[in-house]
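my_file_22.cif follows; it contains mmCIF, C-alpha atoms.
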```cif
data_final
loop_
_atom_site.label_atom_id
_atom_site.label_comp_id
_atom_site.auth_asym_id
_atom_site.auth_seq_id
_atom_site.Cartn_x
_atom_site.Cartn_y
_atom_site.Cartn_z
CA MET A 1 -65.30 11.25 71.19
CA ARG A 2 -63.62 11.01 74.58
CA ARG A 3 -61.41 8.16 73.41
CA ARG A 4 -60.43 10.13 70.34
CA VAL A 5 -59.40 13.13 72.46
CA ILE A 6 -57.39 10.89 74.79
CA SER A 7 -55.74 9.23 71.78
CA GLN A 8 -54.80 12.60 70.28
CA LEU A 9 -53.38 13.83 73.59
CA SER A 10 -51.34 10.65 73.99
CA ARG A 11 -49.70 11.35 70.63
CA LEU A 12 -48.36 14.59 72.07
CA ALA A 13 -46.78 12.91 75.10
CA PRO A 14 -43.07 12.01 74.91
CA ASP A 15 -42.13 8.43 74.04
CA LEU A 16 -40.43 6.91 77.11
CA SER A 17 -39.12 3.78 75.40
CA PRO A 18 -35.44 4.93 75.36
CA LEU A 19 -35.58 5.19 79.16
CA ARG A 20 -37.15 1.76 79.50
CA ASP A 21 -34.76 0.02 77.12
CA SER A 22 -31.36 1.56 77.94
CA ARG A 23 -29.76 1.62 81.39
CA ASP A 24 -26.94 3.90 80.26
CA PHE A 25 -29.42 6.36 78.76
CA ARG A 26 -31.21 6.47 82.12
CA LEU A 27 -27.91 7.25 83.86
CA LEU A 28 -27.11 9.99 81.33
CA MET A 29 -30.52 11.52 81.86
CA ALA A 30 -30.27 11.41 85.67
CA SER A 31 -26.78 12.92 85.60
CA GLY A 32 -27.98 15.60 83.23
CA VAL A 33 -30.82 16.62 85.54
CA VAL A 34 -28.44 17.06 88.47
CA THR A 35 -25.73 18.85 86.50
CA MET A 36 -28.08 21.16 84.63
CA PHE A 37 -29.62 22.31 87.90
CA GLY A 38 -26.29 23.52 89.27
CA THR A 39 -25.06 24.81 85.90
CA PHE A 40 -28.10 27.02 85.34
CA ILE A 41 -27.77 28.50 88.81
CA THR A 42 -24.21 29.48 87.92
CA MET A 43 -25.39 30.74 84.53
CA VAL A 44 -27.41 33.37 86.41
CA ALA A 45 -24.88 33.93 89.17
CA LEU A 46 -21.94 34.81 86.87
CA PRO A 47 -23.54 37.67 84.87
CA PHE A 48 -25.47 38.85 87.93
CA GLN A 49 -22.28 39.06 89.98
CA MET A 50 -20.50 40.82 87.11
CA TRP A 51 -23.37 43.32 86.82
CA GLN A 52 -23.24 43.98 90.56
CA LEU A 53 -19.48 44.54 90.44
CA THR A 54 -19.40 46.72 87.31
CA GLY A 55 -22.90 47.90 86.30
CA SER A 56 -21.79 47.61 82.66
CA TYR A 57 -23.56 45.87 79.76
CA VAL A 58 -20.21 45.57 77.99
CA ALA A 59 -18.57 43.87 80.99
CA VAL A 60 -21.38 41.32 81.07
CA GLY A 61 -21.24 40.77 77.30
CA MET A 62 -17.45 40.37 77.37
CA MET A 63 -17.93 37.22 79.43
CA SER A 64 -19.25 35.55 76.29
CA LEU A 65 -16.38 36.85 74.17
CA VAL A 66 -13.63 35.55 76.47
CA GLU A 67 -15.27 32.11 76.37
CA PHE A 68 -15.40 32.07 72.59
CA VAL A 69 -11.82 30.95 71.81
CA PRO A 70 -11.81 28.10 74.39
CA MET A 71 -15.14 26.96 73.02
CA VAL A 72 -13.86 26.80 69.43
CA VAL A 73 -10.51 25.15 70.22
CA PHE A 74 -11.66 22.65 72.84
CA GLY A 75 -14.98 21.94 71.16
CA LEU A 76 -13.23 20.74 68.02
CA TRP A 77 -10.53 18.88 69.95
CA GLY A 78 -13.14 17.33 72.24
CA GLY A 79 -14.80 15.91 69.14
CA ALA A 80 -11.52 14.44 67.90
CA ILE A 81 -10.70 12.70 71.18
CA ALA A 82 -14.29 11.43 71.47
CA ASP A 83 -13.68 9.38 68.31
CA SER A 84 -10.24 8.14 69.39
CA LEU A 85 -10.43 7.55 73.19
CA ASP A 86 -12.79 5.95 75.71
CA ARG A 87 -15.75 8.33 75.85
CA ARG A 88 -16.65 7.34 79.41
CA ARG A 89 -13.18 8.26 80.69
CA ILE A 90 -13.29 11.65 78.97
CA ILE A 91 -16.67 12.38 80.55
CA LEU A 92 -15.55 11.45 84.07
CA LEU A 93 -12.31 13.45 84.00
CA SER A 94 -14.13 16.48 82.63
CA GLU A 95 -16.76 16.25 85.37
CA VAL A 96 -14.00 16.44 87.99
CA GLY A 97 -12.54 19.52 86.28
CA LEU A 98 -15.92 21.26 86.19
CA ALA A 99 -16.38 20.64 89.92
CA VAL A 100 -13.00 22.30 90.55
CA THR A 101 -13.88 25.41 88.51
CA ALA A 102 -17.21 25.81 90.34
CA ALA A 103 -15.34 25.58 93.66
CA ALA A 104 -12.86 28.24 92.46
CA LEU A 105 -15.72 30.64 91.70
CA MET A 106 -17.13 29.98 95.15
CA VAL A 107 -13.82 30.81 96.84
CA ASN A 108 -13.47 34.03 94.83
CA ALA A 109 -17.00 35.10 95.73
CA MET A 110 -16.21 34.61 99.42
CA LEU A 111 -13.36 37.14 99.28
CA PRO A 112 -13.98 40.61 100.78
CA GLU A 113 -13.35 42.02 97.29
CA PRO A 114 -14.12 39.42 94.58
CA GLN A 115 -11.79 39.71 91.62
CA ILE A 116 -13.39 40.46 88.25
CA TRP A 117 -10.55 38.80 86.34
CA VAL A 118 -11.31 35.51 88.10
CA LEU A 119 -14.82 35.52 86.65
CA TYR A 120 -13.37 35.86 83.17
CA VAL A 121 -10.51 33.37 83.57
CA VAL A 122 -12.38 30.64 85.43
CA GLY A 123 -15.42 31.12 83.21
CA ALA A 124 -13.21 30.53 80.15
CA LEU A 125 -11.59 27.48 81.80
CA ALA A 126 -14.98 25.98 82.66
CA MET A 127 -16.08 26.53 79.07
CA ALA A 128 -12.95 24.73 77.80
CA ILE A 129 -13.58 21.69 80.02
CA SER A 130 -17.27 21.59 79.19
CA CYS A 131 -16.49 21.67 75.47
CA LEU A 132 -14.00 18.82 75.85
CA GLN A 133 -16.70 16.75 77.52
CA ARG A 134 -19.80 17.51 75.49
CA PRO A 135 -18.90 15.75 72.21
CA SER A 136 -18.23 12.52 74.13
CA MET A 137 -21.48 12.92 76.05
CA GLU A 138 -23.58 13.59 72.97
CA SER A 139 -21.95 10.94 70.80
CA LEU A 140 -22.90 8.33 73.42
CA ILE A 141 -26.62 8.69 72.72
CA PRO A 142 -26.62 6.92 69.32
CA GLN A 143 -24.55 4.14 70.92
CA VAL A 144 -26.96 3.44 73.79
CA VAL A 145 -30.31 4.16 72.08
CA LYS A 146 -31.91 2.21 69.24
CA HIS A 147 -31.94 3.96 65.86
CA GLU A 148 -35.72 4.09 65.67
CA GLN A 149 -35.80 5.71 69.14
CA LEU A 150 -33.42 8.58 68.37
CA GLY A 151 -36.24 11.06 67.76
CA ALA A 152 -37.82 10.12 71.08
CA ALA A 153 -34.42 10.40 72.80
CA ALA A 154 -34.03 13.93 71.40
CA VAL A 155 -37.39 14.92 72.91
CA LEU A 156 -36.49 13.38 76.29
CA THR A 157 -33.08 15.07 76.28
CA SER A 158 -34.75 18.42 75.67
CA LEU A 159 -37.21 17.69 78.48
CA ARG A 160 -34.33 16.97 80.84
CA TRP A 161 -32.65 20.24 79.86
CA ASN A 162 -35.79 22.19 80.57
CA PHE A 163 -36.35 20.58 83.94
CA GLY A 164 -33.27 22.35 85.24
CA ALA A 165 -33.60 25.42 83.03
CA ILE A 166 -36.95 26.54 84.45
CA ALA A 167 -36.50 26.26 88.20
CA ALA A 168 -32.73 26.76 88.44
CA PRO A 169 -32.40 30.25 86.87
CA ALA A 170 -35.27 31.65 88.94
CA LEU A 171 -33.80 30.04 92.04
CA GLY A 172 -30.32 31.19 91.06
CA GLY A 173 -31.41 34.82 90.76
CA TRP A 174 -33.04 34.64 94.19
CA LEU A 175 -30.05 32.85 95.74
CA VAL A 176 -27.57 35.44 94.45
CA ALA A 177 -29.75 38.34 95.60
CA GLU A 178 -30.48 36.86 99.04
CA TRP A 179 -27.54 34.58 99.86
CA GLY A 180 -24.77 35.76 97.58
CA ALA A 181 -22.93 34.27 94.64
CA ALA A 182 -20.71 32.04 96.81
CA PHE A 183 -23.71 29.98 97.94
CA ALA A 184 -24.88 29.54 94.32
CA TYR A 185 -21.42 28.41 93.18
CA GLY A 186 -21.28 26.00 96.13
CA LEU A 187 -24.49 24.32 94.98
CA ASP A 188 -23.01 23.96 91.51
CA THR A 189 -19.95 22.24 92.98
CA VAL A 190 -22.12 19.73 94.84
CA SER A 191 -24.16 19.04 91.69
CA PHE A 192 -21.04 18.05 89.76
CA LEU A 193 -19.98 15.65 92.50
CA LEU A 194 -23.40 13.97 92.55
CA SER A 195 -23.38 13.75 88.77
CA LEU A 196 -19.94 12.15 88.84
CA ALA A 197 -21.28 9.34 91.03
CA LEU A 198 -23.98 8.59 88.46
CA LEU A 199 -21.71 8.78 85.43
CA TRP A 200 -19.25 6.38 87.07
CA ARG A 201 -21.78 3.56 86.54
CA ILE A 202 -21.97 4.00 82.76
CA GLY A 203 -20.36 1.26 80.72
CA SER A 204 -17.02 1.83 79.02
CA ARG A 205 -17.16 3.11 75.44
CA PRO A 206 -13.73 2.46 73.88
CA PRO A 207 -13.08 3.55 70.30
CA ALA A 208 -13.12 1.19 67.36
CA GLU A 209 -9.92 -0.75 66.73
CA ASP A 210 -9.30 1.17 63.51
CA ALA A 211 -10.24 4.54 65.00
CA GLN A 212 -8.30 7.49 63.64
CA PRO A 213 -6.02 9.03 66.32
CA ALA A 214 -6.90 12.53 67.48
CA SER A 215 -4.93 14.95 65.32
CA ILE A 216 -5.23 18.00 63.12
CA ARG A 217 -5.73 15.64 60.20
CA SER A 218 -8.67 13.92 61.91
CA LEU A 219 -10.21 17.32 62.64
CA ILE A 220 -9.87 18.31 59.00
CA ASP A 221 -11.47 15.02 57.91
CA GLY A 222 -14.43 15.77 60.18
CA LEU A 223 -14.78 19.28 58.79
CA ARG A 224 -14.62 17.98 55.21
CA TYR A 225 -17.36 15.49 55.93
CA ALA A 226 -19.56 18.18 57.49
CA VAL A 227 -19.06 20.58 54.59
CA SER A 228 -19.85 17.84 52.07
CA ARG A 229 -23.27 17.41 53.69
CA LYS A 230 -25.37 20.46 52.75
CA ASP A 231 -28.19 19.28 54.98
CA LEU A 232 -25.84 19.38 57.97
CA VAL A 233 -24.47 22.76 56.92
CA GLY A 234 -28.03 24.07 57.00
CA THR A 235 -28.56 22.95 60.60
CA TYR A 236 -25.40 24.78 61.63
CA LEU A 237 -25.87 28.03 59.73
CA VAL A 238 -29.55 28.56 60.48
CA ASP A 239 -29.00 28.09 64.20
CA ILE A 240 -25.94 30.36 64.23
CA ALA A 241 -27.83 33.11 62.39
CA ALA A 242 -30.84 32.84 64.70
CA MET A 243 -28.69 33.10 67.81
CA VAL A 244 -26.35 35.84 66.58
CA PHE A 245 -29.22 38.15 65.73
CA ALA A 246 -31.79 37.29 68.41
CA MET A 247 -30.00 35.91 71.49
CA SER A 248 -30.21 38.63 74.15
CA THR A 249 -29.71 37.16 77.63
CA ALA A 250 -26.94 39.70 78.32
CA LEU A 251 -29.72 42.31 78.39
CA PHE A 252 -31.72 40.60 81.13
CA PRO A 253 -30.15 42.23 84.22
CA GLY A 254 -30.60 45.68 82.69
CA LEU A 255 -34.14 44.89 81.48
CA ALA A 256 -35.15 43.69 84.94
CA GLU A 257 -33.76 46.89 86.45
CA GLU A 258 -35.64 49.00 83.87
CA TYR A 259 -38.90 47.26 84.79
CA GLY A 260 -38.18 47.69 88.51
CA ALA A 261 -38.08 43.91 88.90
CA LEU A 262 -34.42 43.19 89.62
CA PRO A 263 -35.16 40.41 92.18
CA ALA A 264 -37.18 38.69 89.43
CA VAL A 265 -34.32 38.72 86.90
CA GLY A 266 -34.20 34.94 87.08
CA LEU A 267 -37.68 34.80 85.55
CA LEU A 268 -36.34 36.30 82.34
CA TYR A 269 -33.78 33.50 82.16
CA SER A 270 -36.49 30.94 83.01
CA ALA A 271 -39.03 32.26 80.49
CA GLY A 272 -37.42 30.62 77.48
CA ALA A 273 -37.12 27.37 79.41
CA ILE A 274 -40.83 27.49 80.30
CA GLY A 275 -41.70 27.65 76.62
CA SER A 276 -39.14 24.95 75.90
CA LEU A 277 -40.67 22.69 78.56
CA ILE A 278 -44.13 23.07 77.06
CA ALA A 279 -42.68 22.22 73.65
CA SER A 280 -40.87 19.19 75.10
CA VAL A 281 -43.82 17.83 77.13
CA THR A 282 -46.05 18.06 74.06
CA GLY A 283 -43.26 17.14 71.67
CA GLY A 284 -44.24 13.56 70.91
CA TRP A 285 -45.36 14.76 67.48
CA ALA A 286 -41.88 16.15 66.76
CA ALA A 287 -40.35 12.67 66.96
CA ARG A 288 -42.61 11.62 64.09
CA VAL A 289 -41.77 14.50 61.75
CA GLN A 290 -39.71 13.43 58.72
CA ARG A 291 -39.04 16.86 57.12
CA GLN A 292 -36.76 18.12 59.90
CA GLY A 293 -34.92 20.65 57.72
CA LEU A 294 -38.09 22.56 56.92
CA GLY A 295 -39.08 22.27 60.57
CA VAL A 296 -35.85 23.98 61.65
CA ILE A 297 -36.48 26.84 59.22
CA VAL A 298 -40.03 27.45 60.49
CA ALA A 299 -39.04 27.18 64.16
CA ALA A 300 -36.07 29.58 63.77
CA SER A 301 -38.34 32.12 62.07
CA VAL A 302 -40.86 31.95 64.94
CA TRP A 303 -37.97 32.46 67.38
CA GLY A 304 -37.01 35.72 65.63
CA VAL A 305 -40.60 37.00 65.48
CA ALA A 306 -41.11 36.34 69.20
CA VAL A 307 -37.92 38.23 70.15
CA ALA A 308 -38.95 41.19 67.96
CA LEU A 309 -42.37 41.27 69.66
CA ALA A 310 -40.69 41.33 73.07
CA ALA A 311 -39.16 44.70 72.20
CA ALA A 312 -42.61 46.27 71.83
CA ILE A 313 -44.09 44.88 75.07
CA PRO A 314 -44.46 47.41 77.91
CA GLN A 315 -45.55 44.94 80.65
CA PHE A 316 -43.07 42.70 82.43
CA TRP A 317 -45.25 39.57 82.33
CA ALA A 318 -46.03 40.06 78.64
CA LEU A 319 -42.27 40.24 78.04
CA VAL A 320 -41.88 36.93 79.88
CA ALA A 321 -44.61 35.42 77.64
CA CYS A 322 -42.82 36.50 74.45
CA LEU A 323 -39.57 35.02 75.69
CA ALA A 324 -41.42 31.79 76.50
CA LEU A 325 -42.73 31.61 72.92
CA ALA A 326 -39.19 32.14 71.64
CA GLY A 327 -37.95 29.35 73.90
CA ALA A 328 -40.60 26.93 72.59
CA ALA A 329 -39.59 27.63 68.99
CA ASP A 330 -35.90 27.23 69.81
CA MET A 331 -36.52 23.88 71.49
CA ILE A 332 -38.47 22.49 68.52
CA SER A 333 -35.61 23.59 66.26
CA GLY A 334 -33.15 21.82 68.57
CA ILE A 335 -35.15 18.57 68.55
CA PHE A 336 -35.21 18.52 64.76
CA ARG A 337 -31.49 19.29 64.46
CA MET A 338 -30.49 16.65 67.01
CA THR A 339 -32.64 14.05 65.26
CA MET A 340 -31.05 14.82 61.89
CA TRP A 341 -27.55 14.54 63.35
CA ASN A 342 -28.12 11.27 65.19
CA GLN A 343 -30.02 9.66 62.31
CA THR A 344 -27.44 10.30 59.61
CA ILE A 345 -23.89 10.60 61.03
CA PRO A 346 -21.84 7.34 61.28
CA ASN A 347 -20.40 6.44 64.69
CA GLU A 348 -16.77 6.82 63.59
CA MET A 349 -17.49 10.49 62.79
CA ARG A 350 -20.01 11.17 65.56
CA GLY A 351 -17.58 12.68 68.07
CA ARG A 352 -15.97 15.09 65.60
CA LEU A 353 -19.34 16.13 64.23
CA ALA A 354 -20.60 16.61 67.79
CA GLY A 355 -17.72 19.05 68.26
CA ILE A 356 -18.82 20.96 65.17
CA GLU A 357 -22.42 20.89 66.39
CA LEU A 358 -21.24 22.31 69.70
CA LEU A 359 -19.69 25.23 67.87
CA SER A 360 -22.86 25.79 65.86
CA TYR A 361 -25.18 26.03 68.86
CA SER A 362 -22.70 27.72 71.19
CA THR A 363 -21.02 30.24 68.90
CA GLY A 364 -24.31 31.91 68.04
CA PRO A 365 -25.40 32.67 71.64
CA MET A 366 -21.95 33.96 72.57
CA LEU A 367 -21.70 36.30 69.61
CA GLY A 368 -25.37 37.16 69.97
CA ASN A 369 -24.91 38.27 73.56
CA ALA A 370 -21.93 40.38 72.54
CA ARG A 371 -24.04 41.97 69.78
CA ALA A 372 -26.97 42.49 72.14
CA SER A 373 -24.82 44.09 74.84
CA LEU A 374 -23.14 46.50 72.40
CA MET A 375 -26.45 47.51 70.82
CA GLY A 376 -27.98 47.79 74.28
CA GLN A 377 -25.19 50.09 75.39
CA LEU A 378 -25.70 52.30 72.31
CA GLY A 379 -29.47 52.32 71.91
CA GLY A 380 -31.01 50.57 74.90
CA PRO A 381 -32.24 47.00 75.41
CA ARG A 382 -35.51 47.42 73.46
CA LEU A 383 -33.74 48.57 70.30
CA SER A 384 -31.35 45.65 70.62
CA LEU A 385 -34.23 43.15 70.98
CA GLY A 386 -36.33 44.55 68.14
CA LEU A 387 -33.63 44.88 65.50
CA GLY A 388 -32.13 41.55 66.47
CA GLY A 389 -35.41 39.69 66.02
CA LEU A 390 -36.07 41.24 62.61
CA MET A 391 -32.54 40.51 61.39
CA CYS A 392 -32.97 36.90 62.52
CA VAL A 393 -36.09 36.42 60.38
CA GLY A 394 -34.36 37.92 57.34
CA ALA A 395 -31.24 35.79 57.74
CA VAL A 396 -33.22 32.55 58.10
CA ALA A 397 -35.21 33.36 54.94
CA LEU A 398 -32.00 33.93 52.97
CA LEU A 399 -30.41 30.70 54.18
CA SER A 400 -33.56 28.74 53.37
CA ALA A 401 -33.39 29.97 49.78
CA ALA A 402 -29.64 29.30 49.51
CA LEU A 403 -29.73 25.72 50.90
CA PRO A 404 -32.40 23.70 49.06
CA ALA A 405 -30.90 20.36 50.15
CA PHE A 406 -31.43 21.34 53.76
CA ARG A 407 -34.94 22.65 53.13
CA ARG A 408 -35.96 19.44 51.32
CA TYR A 409 -34.38 16.94 53.74
CA ASP A 410 -36.63 13.92 54.34
CA ALA A 411 -35.54 11.11 56.68
CA ARG A 412 -37.59 8.59 54.68
CA THR A 413 -35.56 9.09 51.50
CA ASP A 414 -32.23 10.67 52.54
CA GLU A 415 -29.32 8.40 51.55
CA HIS A 416 -27.36 9.02 54.76
CA ALA A 417 -30.35 8.29 57.01
CA LEU A 418 -31.10 5.08 55.10
CA ALA A 419 -27.46 3.95 55.25
CA GLU A 420 -27.18 4.57 58.98
CA ARG A 421 -30.48 2.79 59.63
CA ALA A 422 -29.22 -0.24 57.72
CA ARG A 423 -25.89 -0.24 59.57
CA ARG A 424 -27.55 -0.03 62.98
CA ALA A 425 -29.91 -2.87 62.09
CA GLN A 426 -26.89 -5.19 61.71
CA GLU A 427 -25.40 -4.57 65.16
CA PRO A 428 -26.97 -4.86 68.64
CA THR A 429 -27.57 -1.77 70.78
CA THR A 430 -25.67 -1.69 74.05
CA ALA A 431 -28.15 -1.14 76.88
#
```

Represent the structure contained in this file as structure tokens.
Amino acid sequence: MRRRVISQLSRLAPDLSPLRDSRDFRLLMASGVVTMFGTFITMVALPFQMWQLTGSYVAVGMMSLVEFVPMVVFGLWGGAIADSLDRRRIILLSEVGLAVTAAALMVNAMLPEPQIWVLYVVGALAMAISCLQRPSMESLIPQVVKHEQLGAAAVLTSLRWNFGAIAAPALGGWLVAEWGAAFAYGLDTVSFLLSLALLWRIGSRPPAEDAQPASIRSLIDGLRYAVSRKDLVGTYLVDIAAMVFAMSTALFPGLAEEYGALPAVGLLYSAGAIGSLIASVTGGWAARVQRQGLGVIVAASVWGVAVALAAAIPQFWALVACLALAGAADMISGIFRMTMWNQTIPNEMRGRLAGIELLSYSTGPMLGNARASLMGQLGGPRLSLGLGGLMCVGAVALLSAALPAFRRYDARTDEHALAERARRAQEPTTA
């Protein structure tokens, strides 16, 4: 009996084989831990500082809107250059640019009267650089990890994300309240410099000799490929719908103030990451799931239900628990989506499709925060949470019915997954 329990628990634990087998994957993971720590501190510091300067939900929500255009333009272009240039070089140059933007925010925060426009402009610039970098970063994973380990790599990547997402937002809220935004931005600057030292050791990843040059035409080819794959379209649309209707982090400063817990605002940002960490630590089972499309649908529905429940909770800690449940569901959805992408998309398209993926999982939260802030301004944060969660569940149900190819996706029989597995079997994995 005891051995059976231990065996069952071991099946929940993450598979560490990608870390053992790939040096470059280890470097990517280590860099990600350092960078995410500083980035999540800034994620709290920016809206917190804006709230302190303006006291306006709309001003906080507008931060997401001004970042939207850079995200779309540079996310798509970042995908194009990831397929046509050395991915390592793109990553390194972008890391330098992100360090500079964090330093600029620090300098502005040190002024006697910090300028609001700087938060908008530098925030948009940082988003542009990050979106240039991310397709190259994400398209590296299938190159440095064995095909059969991609599910395990998705779980480990989510675990890395949560490591920084739990402690850093709570610490960031405390740092801003006690030490000021300048100190928080300074830590972010240092984190990018440390990350740069790690990323420098990654091997070069030049494009294929017949790689298509980055151009509008190459972007259109990537979009055509994505649209032709209804299973991929499902991963994009379901996530966008879930985030647009149920993402509500713009409400957190006001919610914390309503509960009389403003110094604990970071806990609201950390709550989702706590749930995500639990899902990641016990996510070994997710790497073995073959019906990822159906898994995304179920997980996105649970996300919406949890957000709707949060609107009816009168106690602060119960609110944190609901947000943690939502975070767990969102992380499981992310693991399934990442696995589908990496299992089925050919390397010559991986950068451009990573740019489209970036838009799918970034557009939703930005628009969702804008929606949440406007509804919060009109009817209060609870109304915004409740209606958003219910609309999320309805939208996911409609998309599930409209996209049967996505709902029925099975990695064991899907033609694209089988073709990519066969291609990878014929070429060695770079460690």

The PyMOL selection byres ((chain A and resi 373) around 7) resolved against shown file, as a list in words: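 The output of the PyMOL selection byres ((chain A and resi 373) around 7) on this file is Tyr57, Val58, Gly61, Ala250, Leu251, Asn369, Ala370, Arg371, Ala372, Leu374, Met375, Gly376 and Gln377 of chain A.
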
Coordinates-based distance that separates atom CA of Phe163 of chain A from atom CA of Leu119 of chain A (Å, one decimal):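 These atoms are spaced 26.3 Å apart.
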
Closest of A:Leu219, A:Ala299, A:Leu267, A:Ala242 to Leu398 of chain A - atom-to-atom distances counting all atoms listed in the file: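 When distances to Leu398 of chain A are compared using all atoms listed in the file, the smallest one comes from A:Ala242.
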
What are the nearest atom pairs, with distances in Å to one decimal, for all residues of segment 19-127 of chain A that come at most 7 Å from segment 195-209 of chain A, using all atoms listed in the file, set out by chain and rising residue number as a Markdown table?
```
| residue | atom | partner | partner_atom | distance |
| --- | --- | --- | --- | --- |
| A:Asp24 | CA | A:Ile202 | CA | 5.6 |
| A:Leu27 | CA | A:Leu198 | CA | 6.2 |
| A:Leu28 | CA | A:Leu199 | CA | 6.9 |
| A:Ser31 | CA | A:Ser195 | CA | 4.7 |
| A:Val34 | CA | A:Ser195 | CA | 6.1 |
| A:Thr35 | CA | A:Ser195 | CA | 6.1 |
| A:Asp83 | CA | A:Pro207 | CA | 6.2 |
| A:Ser84 | CA | A:Pro207 | CA | 5.5 |
| A:Leu85 | CA | A:Pro207 | CA | 5.6 |
| A:Asp86 | CA | A:Pro206 | CA | 4.1 |
| A:Arg87 | CA | A:Arg205 | CA | 5.4 |
| A:Arg88 | CA | A:Ser204 | CA | 5.5 |
| A:Leu92 | CA | A:Leu196 | CA | 6.5 |
| A:Glu95 | CA | A:Leu196 | CA | 6.2 |
```

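Across A:Ser215, A:Thr363, A:Thr344, A:Ser136, the tightest approach to Ala422 of chain A is made by A:Thr344 when counting only C-alpha atoms.
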
Near-Phe245 of chain A list (10 Å; all atoms listed in the file; drop same-chain fewer than 2 positions) as a ChimeraX atom specification: /A:240-243,247-248,304,307,364-365,367-369,371-372,384-395

Distance of atom CA of Ser280 of chain A from atom CA of Ala324 of chain A, expressed in Å to one decimal place: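 These atoms are spaced 12.7 Å apart.
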
Counting all atoms listed in the file, the option among A:Val298, A:Ala326, A:Met62, A:Val227 closest to Ala271 of chain A: A:Ala326

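The gap separating atom CA of Gln133 of chain A from atom CA of Phe74 of chain A is 9.1 Å, in Å to one decimal.
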
Picked residues, the PyMOL selection byres ((chain A and resi 234) around 9), expected as a PyMOL selection string: chain A and resi 229-233+235-239+293+399-400+403+405-407

Nearest residue to Ser333 of chain A from the set A:Pro381, A:Pro314, A:Gly295, A:Pro169 (distances using only C-alpha atoms):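 Nearest to Ser333 of chain A: A:Gly295.
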